[in-house]
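Asks: My questions will all concern the structure given below.
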Amino acid sequence: KKRIFSGIQPTGIFTLGNYLGAIKNWGPLQDEYNCIYSIVDQHAITVRQDPAKLRRQSLECYALLIACGIDPEKSVLFIQSHNPAHAQLSWVLGCFTQFGELSRMTQFKDKSQKNADNINAGLFTYPVLMAADILVYNADLVPVGQDQKQHLELARDIAGRFNGVYSPTFTVPEGYIPKTSAKIMSLTEPGKKMSKSDPNPNGYISILDDVDTILRKFKRAVTDSDGEVCYRAGKDGINNLMSIYASITGKDFAAIESEFTGKGYGDFKMAVGECVADCLRPVREDFARLMGDKAYLQACYTKGAESARQLSAKCLRKVYKKVGFIEL
Ligand code: TYM
């Protein structure tokens, strides 16, 4: 079986963007692949975090992934800081990554613009740790949204370079990026991506929003003035709503266009809101149940950490040997 790795930062409750761009795919992949999924708390501290809040959010994210269909019996579901191999490999890989490459990362440029008072070295080397996450398990496939594509390319380059300098060591991973929902946009500013760090909560749907909140946010979603439900350049708002609807219902754009010909945006927005609310209801209910059973969650992440450490040990040993560290 091929191997899958993916991760998500515990910087808040996931948005519909995280869900449709990545997590929705993680569950179904479990049957065909050996899946390893991680809450990447070490990535989260590249931006200043309140410790109590980070701890709470990491547990919430862990429960949310289970609520989204990741089965801790089928997959390895663990918290990044519980497996030191990521940080260990990251150091080595950092010595095979150029300053110039990291300087070109668009997420680094964005984030350093937004956090001008804390452009720390971790923010800069973030993609190296991400490469280590993936490569330490020799993952074949990495299911992510569009915004992680550049980081993934870098991980591939680093793997190829290391393999070239020594001998084949790492699997060069492929991305697994959804067609219609790789980049879900903000509901209020459809020119920018939906993000959990958006200061305006009307811009994003949190996957724990209740039905009324979801419907209200969709009702207010920014569209355009030509009144036609069709996917076309320049119609960012409608294109985004169509992508959301397509991703959840499985309908293609042509089918959606004919479903709503002659109907107004009001009807369309209501239909999108309802399908999102229906899709997220079971997640919300499962989440509430899981958060009531902390002992279960703890047992799961403890087991996940053990499995993750076992799986990565061999790769790290091999790398240490190849670069010339004395074996202990
Ligand atoms: P993060 O936590 O920002 O997001 C988690 C996943 O959600 C996707 N995503 C989106 N997809 C579609 N539309 C959006 N608006 C949207 N916003 C977010 C992201 O592409 C991602 O797949 N660096 C990663 C975490 C990470 C990782 C890894 C991922 C660390 N190590 C190794 C894969 C493999 C991140 O910050 O994701």
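Letters A, B, ... mark the chains of the structure tokens in the order given; residue numbers begin at 1 per chain; ligand numbers begin at 1, in order shown.
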Using only C-alpha atoms and all ligand atoms, which protein or nucleic acid residues are at most 6 Å from ligand 1, as a ChimeraX atom specification?
Replies: /A:5-9,17-18,21-22,40,130,133-134,142,144-148,181-185,193-195
Asks: To test your reading of the structure, identify every residue in region 121-200 of chain A that backbone DSSP assigns to strand (DSSP E), and report it as number ranges by chain.
Replies: A: 141-143, 174-176
Asks: Keeping all heavy atoms, export the residues of the selection given above as a short mmCIF file (atom, residue, chain, number, x, y, z; two decimals), in the first residue's frame.
Replies:
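Listed below is the output, result_23.cif:
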data_model
loop_
_atom_site.label_atom_id
_atom_site.label_comp_id
_atom_site.auth_asym_id
_atom_site.auth_seq_id
_atom_site.Cartn_x
_atom_site.Cartn_y
_atom_site.Cartn_z
N LEU A 141 2.05 10.30 -1.29
CA LEU A 141 1.03 11.28 -1.65
C LEU A 141 0.75 12.22 -0.49
O LEU A 141 0.74 11.80 0.67
CB LEU A 141 -0.29 10.57 -1.96
CG LEU A 141 -0.57 10.07 -3.38
CD1 LEU A 141 -1.98 9.53 -3.43
CD2 LEU A 141 -0.39 11.20 -4.40
N VAL A 142 0.49 13.49 -0.83
CA VAL A 142 0.22 14.49 0.19
C VAL A 142 -1.05 15.26 -0.17
O VAL A 142 -1.02 16.13 -1.05
CB VAL A 142 1.42 15.47 0.31
CG1 VAL A 142 1.20 16.46 1.44
CG2 VAL A 142 2.72 14.72 0.53
N PRO A 143 -2.19 14.93 0.45
CA PRO A 143 -3.43 15.64 0.13
C PRO A 143 -3.49 17.02 0.80
O PRO A 143 -3.57 17.11 2.02
CB PRO A 143 -4.54 14.71 0.66
CG PRO A 143 -3.88 13.87 1.70
CD PRO A 143 -2.41 13.82 1.40
N GLU A 174 4.19 13.13 -4.19
CA GLU A 174 3.29 13.81 -5.14
C GLU A 174 2.20 14.52 -4.35
O GLU A 174 1.77 14.03 -3.31
CB GLU A 174 2.58 12.79 -6.04
CG GLU A 174 3.46 11.90 -6.86
CD GLU A 174 3.96 12.57 -8.12
OE1 GLU A 174 3.33 13.57 -8.53
OE2 GLU A 174 4.98 12.12 -8.67
N GLY A 175 1.73 15.62 -4.89
CA GLY A 175 0.58 16.29 -4.27
C GLY A 175 -0.71 15.63 -4.67
O GLY A 175 -0.78 14.97 -5.71
N TYR A 176 -1.71 15.78 -3.86
CA TYR A 176 -3.06 15.28 -4.17
C TYR A 176 -3.97 16.46 -3.89
O TYR A 176 -4.34 16.72 -2.75
CB TYR A 176 -3.35 14.08 -3.27
CG TYR A 176 -4.67 13.40 -3.50
CD1 TYR A 176 -4.75 12.24 -4.29
CD2 TYR A 176 -5.84 13.89 -2.93
CE1 TYR A 176 -5.96 11.60 -4.48
CE2 TYR A 176 -7.06 13.25 -3.13
CZ TYR A 176 -7.11 12.11 -3.91
OH TYR A 176 -8.32 11.48 -4.10
#
Asks: From the options A:Ala52, A:Ile13, A:Ile207, A:Val136, which residue's atoms come nearest to Val276 (chain A), counting only C-alpha atoms?
Replies: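 Among A:Ala52, A:Ile13, A:Ile207, A:Val136, it is A:Ile207 that comes nearest to Val276 (chain A).
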Asks: Using only C-alpha atoms, pick whichever of A:Lys24, A:His82, A:His151, A:Arg232 has the shortest atom-to-atom distance to Glu306 (chain A).
Replies: A:His82
Asks: Which residue gives the smallest distance to Pro10 (chain A) among A:Glu73, A:Lys318, A:Ser197, A:Val92, with only C-alpha atoms counted?
Replies: A:Ser197
Asks: Hey, what's within 9 Å of region 28-35 of chain A if we count only C-alpha atoms and toss same-chain stuff fewer than 6 positions away? As an NGL selection string, please?
Replies: :A and (1-6 or 69-71 or 74-77 or 139)
Asks: I want to know what sits within 8 Å of Val283 (chain A), based on only C-alpha atoms, with residues of the same chain fewer than 6 positions away left out; could you give that as a list in words?
Replies: Leu64, Ala67, Cys68, Ile207 and Leu208 of chain A
Asks: Within 12 Å of Thr302 (chain A), counting only C-alpha atoms, which residues show up once you throw out same-chain ones fewer than 2 positions away? Write them as a PDB file with all heavy atoms, in the first residue's frame, please.
Replies:
ATOM      1  N   TYR A  62      -7.632  17.669  17.166  1.00  0.00           N
ATOM      2  CA  TYR A  62      -7.513  16.208  17.160  1.00  0.00           C
ATOM      3  C   TYR A  62      -8.906  15.573  17.124  1.00  0.00           C
ATOM      4  O   TYR A  62      -9.187  14.685  16.314  1.00  0.00           O
ATOM      5  CB  TYR A  62      -6.732  15.744  18.395  1.00  0.00           C
ATOM      6  CG  TYR A  62      -6.264  14.315  18.290  1.00  0.00           C
ATOM      7  CD1 TYR A  62      -5.015  14.004  17.762  1.00  0.00           C
ATOM      8  CD2 TYR A  62      -7.090  13.266  18.695  1.00  0.00           C
ATOM      9  CE1 TYR A  62      -4.587  12.690  17.638  1.00  0.00           C
ATOM     10  CE2 TYR A  62      -6.676  11.945  18.570  1.00  0.00           C
ATOM     11  CZ  TYR A  62      -5.421  11.665  18.050  1.00  0.00           C
ATOM     12  OH  TYR A  62      -5.013  10.353  17.921  1.00  0.00           O
ATOM     13  N   PRO A  72      -8.838   6.685  14.098  1.00  0.00           N
ATOM     14  CA  PRO A  72      -7.520   6.475  14.717  1.00  0.00           C
ATOM     15  C   PRO A  72      -7.107   5.005  14.789  1.00  0.00           C
ATOM     16  O   PRO A  72      -5.960   4.709  15.130  1.00  0.00           O
ATOM     17  CB  PRO A  72      -7.676   7.092  16.113  1.00  0.00           C
ATOM     18  CG  PRO A  72      -9.132   7.240  16.336  1.00  0.00           C
ATOM     19  CD  PRO A  72      -9.820   7.253  15.020  1.00  0.00           C
ATOM     20  N   VAL A  76      -2.692   6.556  11.308  1.00  0.00           N
ATOM     21  CA  VAL A  76      -1.887   7.070  12.409  1.00  0.00           C
ATOM     22  C   VAL A  76      -2.269   8.539  12.576  1.00  0.00           C
ATOM     23  O   VAL A  76      -2.062   9.342  11.664  1.00  0.00           O
ATOM     24  CB  VAL A  76      -0.382   6.927  12.101  1.00  0.00           C
ATOM     25  CG1 VAL A  76       0.447   7.554  13.212  1.00  0.00           C
ATOM     26  CG2 VAL A  76      -0.018   5.459  11.916  1.00  0.00           C
ATOM     27  N   LEU A  77      -2.873   8.866  13.705  1.00  0.00           N
ATOM     28  CA  LEU A  77      -3.338  10.231  13.950  1.00  0.00           C
ATOM     29  C   LEU A  77      -2.612  10.728  15.197  1.00  0.00           C
ATOM     30  O   LEU A  77      -2.823  10.205  16.292  1.00  0.00           O
ATOM     31  CB  LEU A  77      -4.860  10.219  14.150  1.00  0.00           C
ATOM     32  CG  LEU A  77      -5.551  11.558  14.381  1.00  0.00           C
ATOM     33  CD1 LEU A  77      -5.292  12.519  13.235  1.00  0.00           C
ATOM     34  CD2 LEU A  77      -7.056  11.355  14.549  1.00  0.00           C
ATOM     35  N   PHE A  78      -1.720  11.698  15.002  1.00  0.00           N
ATOM     36  CA  PHE A  78      -0.849  12.064  16.123  1.00  0.00           C
ATOM     37  C   PHE A  78      -0.522  13.554  16.115  1.00  0.00           C
ATOM     38  O   PHE A  78      -0.828  14.280  15.171  1.00  0.00           O
ATOM     39  CB  PHE A  78       0.455  11.239  16.075  1.00  0.00           C
ATOM     40  CG  PHE A  78       1.413  11.707  15.019  1.00  0.00           C
ATOM     41  CD1 PHE A  78       2.561  12.407  15.355  1.00  0.00           C
ATOM     42  CD2 PHE A  78       1.144  11.478  13.681  1.00  0.00           C
ATOM     43  CE1 PHE A  78       3.440  12.857  14.379  1.00  0.00           C
ATOM     44  CE2 PHE A  78       2.013  11.929  12.690  1.00  0.00           C
ATOM     45  CZ  PHE A  78       3.157  12.623  13.046  1.00  0.00           C
ATOM     46  N   ILE A  79       0.119  13.983  17.195  1.00  0.00           N
ATOM     47  CA  ILE A  79       0.490  15.376  17.370  1.00  0.00           C
ATOM     48  C   ILE A  79       1.996  15.496  17.093  1.00  0.00           C
ATOM     49  O   ILE A  79       2.803  14.757  17.658  1.00  0.00           O
ATOM     50  CB  ILE A  79       0.100  15.844  18.787  1.00  0.00           C
ATOM     51  CG1 ILE A  79      -1.442  15.769  18.906  1.00  0.00           C
ATOM     52  CG2 ILE A  79       0.629  17.242  19.094  1.00  0.00           C
ATOM     53  CD1 ILE A  79      -1.995  15.897  20.298  1.00  0.00           C
ATOM     54  N   GLN A  80       2.326  16.410  16.199  1.00  0.00           N
ATOM     55  CA  GLN A  80       3.693  16.525  15.671  1.00  0.00           C
ATOM     56  C   GLN A  80       4.766  16.556  16.772  1.00  0.00           C
ATOM     57  O   GLN A  80       5.780  15.862  16.688  1.00  0.00           O
ATOM     58  CB  GLN A  80       3.777  17.790  14.817  1.00  0.00           C
ATOM     59  CG  GLN A  80       5.071  18.006  14.067  1.00  0.00           C
ATOM     60  CD  GLN A  80       5.070  19.381  13.418  1.00  0.00           C
ATOM     61  OE1 GLN A  80       4.505  20.338  13.952  1.00  0.00           O
ATOM     62  NE2 GLN A  80       5.661  19.486  12.241  1.00  0.00           N
ATOM     63  N   SER A  81       4.571  17.367  17.816  1.00  0.00           N
ATOM     64  CA  SER A  81       5.614  17.510  18.838  1.00  0.00           C
ATOM     65  C   SER A  81       5.826  16.214  19.627  1.00  0.00           C
ATOM     66  O   SER A  81       6.795  16.095  20.370  1.00  0.00           O
ATOM     67  CB  SER A  81       5.272  18.658  19.796  1.00  0.00           C
ATOM     68  OG  SER A  81       4.062  18.384  20.465  1.00  0.00           O
ATOM     69  N   HIS A  82       4.922  15.244  19.473  1.00  0.00           N
ATOM     70  CA  HIS A  82       5.087  13.963  20.159  1.00  0.00           C
ATOM     71  C   HIS A  82       6.066  13.037  19.439  1.00  0.00           C
ATOM     72  O   HIS A  82       6.406  11.982  19.949  1.00  0.00           O
ATOM     73  CB  HIS A  82       3.731  13.248  20.309  1.00  0.00           C
ATOM     74  CG  HIS A  82       2.834  13.929  21.305  1.00  0.00           C
ATOM     75  ND1 HIS A  82       1.501  13.624  21.440  1.00  0.00           N
ATOM     76  CD2 HIS A  82       3.087  14.909  22.211  1.00  0.00           C
ATOM     77  CE1 HIS A  82       0.965  14.382  22.381  1.00  0.00           C
ATOM     78  NE2 HIS A  82       1.911  15.172  22.859  1.00  0.00           N
ATOM     79  N   ASN A  83       6.465  13.431  18.249  1.00  0.00           N
ATOM     80  CA  ASN A  83       7.485  12.637  17.549  1.00  0.00           C
ATOM     81  C   ASN A  83       8.680  13.528  17.209  1.00  0.00           C
ATOM     82  O   ASN A  83       8.651  14.290  16.253  1.00  0.00           O
ATOM     83  CB  ASN A  83       6.911  12.018  16.269  1.00  0.00           C
ATOM     84  CG  ASN A  83       7.960  11.165  15.553  1.00  0.00           C
ATOM     85  OD1 ASN A  83       9.070  10.985  16.058  1.00  0.00           O
ATOM     86  ND2 ASN A  83       7.602  10.668  14.389  1.00  0.00           N
ATOM     87  N   ALA A 295     -10.417  11.100  28.001  1.00  0.00           N
ATOM     88  CA  ALA A 295      -9.585   9.908  28.215  1.00  0.00           C
ATOM     89  C   ALA A 295      -9.402   9.151  26.903  1.00  0.00           C
ATOM     90  O   ALA A 295      -8.308   8.663  26.596  1.00  0.00           O
ATOM     91  CB  ALA A 295     -10.218   9.003  29.270  1.00  0.00           C
ATOM     92  N   TYR A 296     -10.483   9.089  26.136  1.00  0.00           N
ATOM     93  CA  TYR A 296     -10.397   8.414  24.827  1.00  0.00           C
ATOM     94  C   TYR A 296      -9.425   9.147  23.910  1.00  0.00           C
ATOM     95  O   TYR A 296      -8.566   8.534  23.282  1.00  0.00           O
ATOM     96  CB  TYR A 296     -11.789   8.336  24.197  1.00  0.00           C
ATOM     97  CG  TYR A 296     -11.769   7.849  22.763  1.00  0.00           C
ATOM     98  CD1 TYR A 296     -11.514   6.513  22.460  1.00  0.00           C
ATOM     99  CD2 TYR A 296     -11.981   8.739  21.704  1.00  0.00           C
ATOM    100  CE1 TYR A 296     -11.475   6.069  21.145  1.00  0.00           C
ATOM    101  CE2 TYR A 296     -11.939   8.308  20.381  1.00  0.00           C
ATOM    102  CZ  TYR A 296     -11.680   6.974  20.107  1.00  0.00           C
ATOM    103  OH  TYR A 296     -11.635   6.543  18.804  1.00  0.00           O
ATOM    104  N   LEU A 297      -9.560  10.481  23.878  1.00  0.00           N
ATOM    105  CA  LEU A 297      -8.678  11.268  23.004  1.00  0.00           C
ATOM    106  C   LEU A 297      -7.214  11.071  23.398  1.00  0.00           C
ATOM    107  O   LEU A 297      -6.341  10.893  22.553  1.00  0.00           O
ATOM    108  CB  LEU A 297      -9.055  12.750  23.060  1.00  0.00           C
ATOM    109  CG  LEU A 297     -10.428  13.115  22.479  1.00  0.00           C
ATOM    110  CD1 LEU A 297     -10.741  14.590  22.724  1.00  0.00           C
ATOM    111  CD2 LEU A 297     -10.489  12.811  20.975  1.00  0.00           C
ATOM    112  N   GLN A 298      -6.983  11.074  24.704  1.00  0.00           N
ATOM    113  CA  GLN A 298      -5.605  10.903  25.178  1.00  0.00           C
ATOM    114  C   GLN A 298      -5.045   9.529  24.803  1.00  0.00           C
ATOM    115  O   GLN A 298      -3.891   9.416  24.380  1.00  0.00           O
ATOM    116  CB  GLN A 298      -5.551  11.095  26.696  1.00  0.00           C
ATOM    117  CG  GLN A 298      -4.117  11.213  27.184  1.00  0.00           C
ATOM    118  CD  GLN A 298      -4.019  11.379  28.695  1.00  0.00           C
ATOM    119  OE1 GLN A 298      -5.036  11.442  29.396  1.00  0.00           O
ATOM    120  NE2 GLN A 298      -2.805  11.446  29.198  1.00  0.00           N
ATOM    121  N   ALA A 299      -5.893   8.512  24.928  1.00  0.00           N
ATOM    122  CA  ALA A 299      -5.459   7.166  24.555  1.00  0.00           C
ATOM    123  C   ALA A 299      -5.120   7.129  23.065  1.00  0.00           C
ATOM    124  O   ALA A 299      -4.124   6.522  22.652  1.00  0.00           O
ATOM    125  CB  ALA A 299      -6.554   6.145  24.882  1.00  0.00           C
ATOM    126  N   CYS A 300      -5.928   7.805  22.257  1.00  0.00           N
ATOM    127  CA  CYS A 300      -5.694   7.810  20.809  1.00  0.00           C
ATOM    128  C   CYS A 300      -4.398   8.524  20.450  1.00  0.00           C
ATOM    129  O   CYS A 300      -3.597   8.015  19.669  1.00  0.00           O
ATOM    130  CB  CYS A 300      -6.841   8.490  20.065  1.00  0.00           C
ATOM    131  SG  CYS A 300      -8.351   7.539  20.053  1.00  0.00           S
ATOM    132  N   GLY A 304      -1.088   7.022  18.743  1.00  0.00           N
ATOM    133  CA  GLY A 304      -0.656   7.632  17.478  1.00  0.00           C
ATOM    134  C   GLY A 304       0.808   8.033  17.541  1.00  0.00           C
ATOM    135  O   GLY A 304       1.569   7.822  16.587  1.00  0.00           O
ATOM    136  N   ALA A 305       1.219   8.599  18.669  1.00  0.00           N
ATOM    137  CA  ALA A 305       2.607   9.044  18.828  1.00  0.00           C
ATOM    138  C   ALA A 305       3.562   7.854  18.748  1.00  0.00           C
ATOM    139  O   ALA A 305       4.619   7.923  18.100  1.00  0.00           O
ATOM    140  CB  ALA A 305       2.767   9.773  20.159  1.00  0.00           C
ATOM    141  N   GLU A 306       3.175   6.753  19.389  1.00  0.00           N
ATOM    142  CA  GLU A 306       4.031   5.564  19.355  1.00  0.00           C
ATOM    143  C   GLU A 306       4.190   5.046  17.931  1.00  0.00           C
ATOM    144  O   GLU A 306       5.304   4.739  17.492  1.00  0.00           O
ATOM    145  CB  GLU A 306       3.436   4.458  20.233  1.00  0.00           C
ATOM    146  CG  GLU A 306       3.844   4.590  21.684  1.00  0.00           C
ATOM    147  CD  GLU A 306       2.965   3.756  22.614  1.00  0.00           C
ATOM    148  OE1 GLU A 306       2.368   2.762  22.137  1.00  0.00           O
ATOM    149  OE2 GLU A 306       2.872   4.126  23.801  1.00  0.00           O
ATOM    150  N   SER A 307       3.073   4.950  17.224  1.00  0.00           N
ATOM    151  CA  SER A 307       3.140   4.455  15.845  1.00  0.00           C
ATOM    152  C   SER A 307       3.986   5.378  14.983  1.00  0.00           C
ATOM    153  O   SER A 307       4.807   4.925  14.175  1.00  0.00           O
ATOM    154  CB  SER A 307       1.752   4.353  15.217  1.00  0.00           C
ATOM    155  OG  SER A 307       0.894   3.652  16.060  1.00  0.00           O
ATOM    156  N   ALA A 308       3.789   6.676  15.133  1.00  0.00           N
ATOM    157  CA  ALA A 308       4.528   7.644  14.317  1.00  0.00           C
ATOM    158  C   ALA A 308       6.022   7.504  14.572  1.00  0.00           C
ATOM    159  O   ALA A 308       6.833   7.484  13.641  1.00  0.00           O
ATOM    160  CB  ALA A 308       4.054   9.056  14.620  1.00  0.00           C
ATOM    161  N   ARG A 309       6.407   7.383  15.839  1.00  0.00           N
ATOM    162  CA  ARG A 309       7.837   7.252  16.166  1.00  0.00           C
ATOM    163  C   ARG A 309       8.436   6.004  15.566  1.00  0.00           C
ATOM    164  O   ARG A 309       9.551   6.028  15.041  1.00  0.00           O
ATOM    165  CB  ARG A 309       8.017   7.195  17.686  1.00  0.00           C
ATOM    166  CG  ARG A 309       7.860   8.541  18.336  1.00  0.00           C
ATOM    167  CD  ARG A 309       8.272   8.426  19.785  1.00  0.00           C
ATOM    168  NE  ARG A 309       7.575   9.412  20.584  1.00  0.00           N
ATOM    169  CZ  ARG A 309       7.326   9.284  21.868  1.00  0.00           C
ATOM    170  NH1 ARG A 309       7.699   8.189  22.514  1.00  0.00           N
ATOM    171  NH2 ARG A 309       6.713  10.238  22.523  1.00  0.00           N
TER     172      ARG A 309
END
Asks: I'd like the neighbourhood of region 118-122 of chain A as a list in words, where a residue qualifies if any of its atoms comes within 9 Å (using only C-alpha atoms), though same-chain residues fewer than 2 positions away should be ignored.
Replies: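 Residues near the query, excluding close chain neighbours: His43, Ile45, Thr46, Val47, Arg48, Phe108, Lys111, Ser112, Gln113, Asn115, Ala116, Phe124, Thr125, Tyr126 and Leu129 of chain A.
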Asks: Any idea what's packed within 12 Å of Asn239 (chain A), counting only C-alpha atoms, ignoring anything in its chain fewer than 3 positions away? Could you give it as a VMD selection string?
Replies: chain A and resid 180 to 181 183 to 187 190 to 191 221 to 224 228 to 236 242 to 246 253 256 to 257 268 to 269
Asks: Output N, CA, C and O atoms of each residue in that selection to a file, as a compact mmCIF listing (two decimals), in the first residue's frame.
Replies:
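Below is the file again.txt, written as the result:
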# COMPACT_ATOMS: atom_id res chain seq x y z
N THR A 180 -11.99 20.91 -7.80
CA THR A 180 -12.89 22.06 -7.68
C THR A 180 -12.72 22.85 -6.39
O THR A 180 -13.19 23.97 -6.31
N SER A 181 -12.12 22.27 -5.37
CA SER A 181 -12.14 22.96 -4.08
C SER A 181 -10.75 23.19 -3.52
O SER A 181 -10.58 23.29 -2.31
N LYS A 183 -8.99 25.80 -3.67
CA LYS A 183 -8.83 27.13 -3.08
C LYS A 183 -10.21 27.75 -2.87
O LYS A 183 -10.78 28.33 -3.78
N ILE A 184 -10.72 27.59 -1.66
CA ILE A 184 -12.01 28.18 -1.30
C ILE A 184 -11.73 29.61 -0.86
O ILE A 184 -10.82 29.87 -0.08
N MET A 185 -12.53 30.54 -1.38
CA MET A 185 -12.28 31.95 -1.13
C MET A 185 -13.15 32.49 0.01
O MET A 185 -14.15 31.87 0.38
N SER A 186 -12.77 33.66 0.50
CA SER A 186 -13.55 34.33 1.54
C SER A 186 -14.94 34.66 1.01
O SER A 186 -15.11 34.98 -0.16
N LEU A 187 -15.94 34.57 1.89
CA LEU A 187 -17.32 34.89 1.45
C LEU A 187 -17.54 36.40 1.33
O LEU A 187 -18.41 36.83 0.59
N PRO A 190 -14.10 37.71 -2.03
CA PRO A 190 -13.80 36.50 -2.81
C PRO A 190 -12.50 36.55 -3.60
O PRO A 190 -12.16 35.58 -4.27
N GLY A 191 -11.74 37.65 -3.48
CA GLY A 191 -10.42 37.69 -4.11
C GLY A 191 -9.34 37.09 -3.23
O GLY A 191 -8.24 36.82 -3.67
N ALA A 221 -23.11 36.52 1.55
CA ALA A 221 -21.91 36.34 0.72
C ALA A 221 -21.91 37.33 -0.45
O ALA A 221 -22.94 37.59 -1.06
N VAL A 222 -20.73 37.87 -0.73
CA VAL A 222 -20.58 38.85 -1.80
C VAL A 222 -20.68 38.14 -3.16
O VAL A 222 -20.05 37.10 -3.38
N THR A 223 -21.50 38.68 -4.05
CA THR A 223 -21.61 38.09 -5.40
C THR A 223 -21.31 39.17 -6.44
O THR A 223 -20.29 39.80 -6.38
N ASP A 224 -22.22 39.37 -7.41
CA ASP A 224 -22.00 40.40 -8.42
C ASP A 224 -23.37 40.88 -8.85
O ASP A 224 -24.39 40.46 -8.29
N GLU A 228 -26.52 36.02 -12.90
CA GLU A 228 -26.52 34.72 -13.56
C GLU A 228 -25.63 33.73 -12.81
O GLU A 228 -24.45 34.01 -12.57
N VAL A 229 -26.20 32.57 -12.46
CA VAL A 229 -25.39 31.54 -11.82
C VAL A 229 -24.62 30.80 -12.91
O VAL A 229 -25.13 29.88 -13.54
N CYS A 230 -23.40 31.27 -13.17
CA CYS A 230 -22.55 30.54 -14.12
C CYS A 230 -21.10 30.80 -13.77
O CYS A 230 -20.77 31.81 -13.15
N TYR A 231 -20.23 29.85 -14.13
CA TYR A 231 -18.83 29.93 -13.76
C TYR A 231 -18.08 30.67 -14.86
O TYR A 231 -17.96 30.19 -15.98
N ARG A 232 -17.62 31.86 -14.55
CA ARG A 232 -16.99 32.67 -15.57
C ARG A 232 -15.96 33.60 -14.94
O ARG A 232 -16.13 34.02 -13.79
N ALA A 233 -14.89 33.92 -15.70
CA ALA A 233 -13.85 34.83 -15.20
C ALA A 233 -14.50 36.13 -14.75
O ALA A 233 -15.43 36.63 -15.38
N GLY A 234 -14.03 36.66 -13.63
CA GLY A 234 -14.56 37.92 -13.14
C GLY A 234 -15.71 37.76 -12.16
O GLY A 234 -16.11 38.72 -11.51
N LYS A 235 -16.26 36.53 -12.08
CA LYS A 235 -17.37 36.30 -11.13
C LYS A 235 -16.84 35.54 -9.91
O LYS A 235 -17.29 34.43 -9.59
N ASP A 236 -15.87 36.13 -9.22
CA ASP A 236 -15.19 35.42 -8.12
C ASP A 236 -16.15 34.89 -7.06
O ASP A 236 -16.02 33.77 -6.58
N MET A 242 -20.13 28.30 -6.36
CA MET A 242 -20.32 27.13 -7.23
C MET A 242 -19.33 26.02 -6.89
O MET A 242 -19.67 24.84 -6.89
N SER A 243 -18.09 26.42 -6.58
CA SER A 243 -17.08 25.42 -6.21
C SER A 243 -17.47 24.69 -4.92
O SER A 243 -17.30 23.48 -4.80
N ILE A 244 -17.98 25.47 -3.96
CA ILE A 244 -18.40 24.87 -2.69
C ILE A 244 -19.54 23.88 -2.94
O ILE A 244 -19.52 22.73 -2.48
N TYR A 245 -20.52 24.34 -3.71
CA TYR A 245 -21.69 23.51 -3.99
C TYR A 245 -21.28 22.25 -4.77
O TYR A 245 -21.73 21.14 -4.46
N ALA A 246 -20.40 22.43 -5.75
CA ALA A 246 -19.94 21.29 -6.56
C ALA A 246 -19.20 20.28 -5.70
O ALA A 246 -19.41 19.08 -5.80
N PHE A 253 -20.21 21.88 -12.90
CA PHE A 253 -20.66 23.26 -13.07
C PHE A 253 -21.83 23.37 -14.04
O PHE A 253 -22.76 24.15 -13.82
N ILE A 256 -25.00 22.53 -12.33
CA ILE A 256 -25.39 23.58 -11.38
C ILE A 256 -25.98 24.77 -12.14
O ILE A 256 -27.01 25.33 -11.75
N GLU A 257 -25.36 25.12 -13.26
CA GLU A 257 -25.88 26.24 -14.06
C GLU A 257 -27.31 25.96 -14.50
O GLU A 257 -28.19 26.81 -14.38
N PHE A 268 -30.00 30.47 -4.93
CA PHE A 268 -28.73 29.74 -5.05
C PHE A 268 -27.96 29.75 -3.73
O PHE A 268 -27.52 28.71 -3.23
N LYS A 269 -27.85 30.94 -3.14
CA LYS A 269 -27.12 31.05 -1.86
C LYS A 269 -27.76 30.18 -0.79
O LYS A 269 -27.06 29.57 0.03
Asks: Give me, please, the distance in Å between CA of Ala63 (chain A) and CA of Arg289 (chain A), quoted to one decimal.
Replies: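 Here the two named atoms are 9.3 Å from each other.
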Asks: Return as an MDAnalysis selection string the full set of residues in region 36-115 of chain A whose backbone-based DSSP assignment is helix (DSSP H, G or I).
Replies: chainID A and resid 41:44 51:67 80:82 85:94 99:103 106:114
Asks: So how many Å separate CA of Ser90 (chain A) and CA of Ser58 (chain A), to one decimal?
Replies: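 These two atoms are separated by 21.4 Å.
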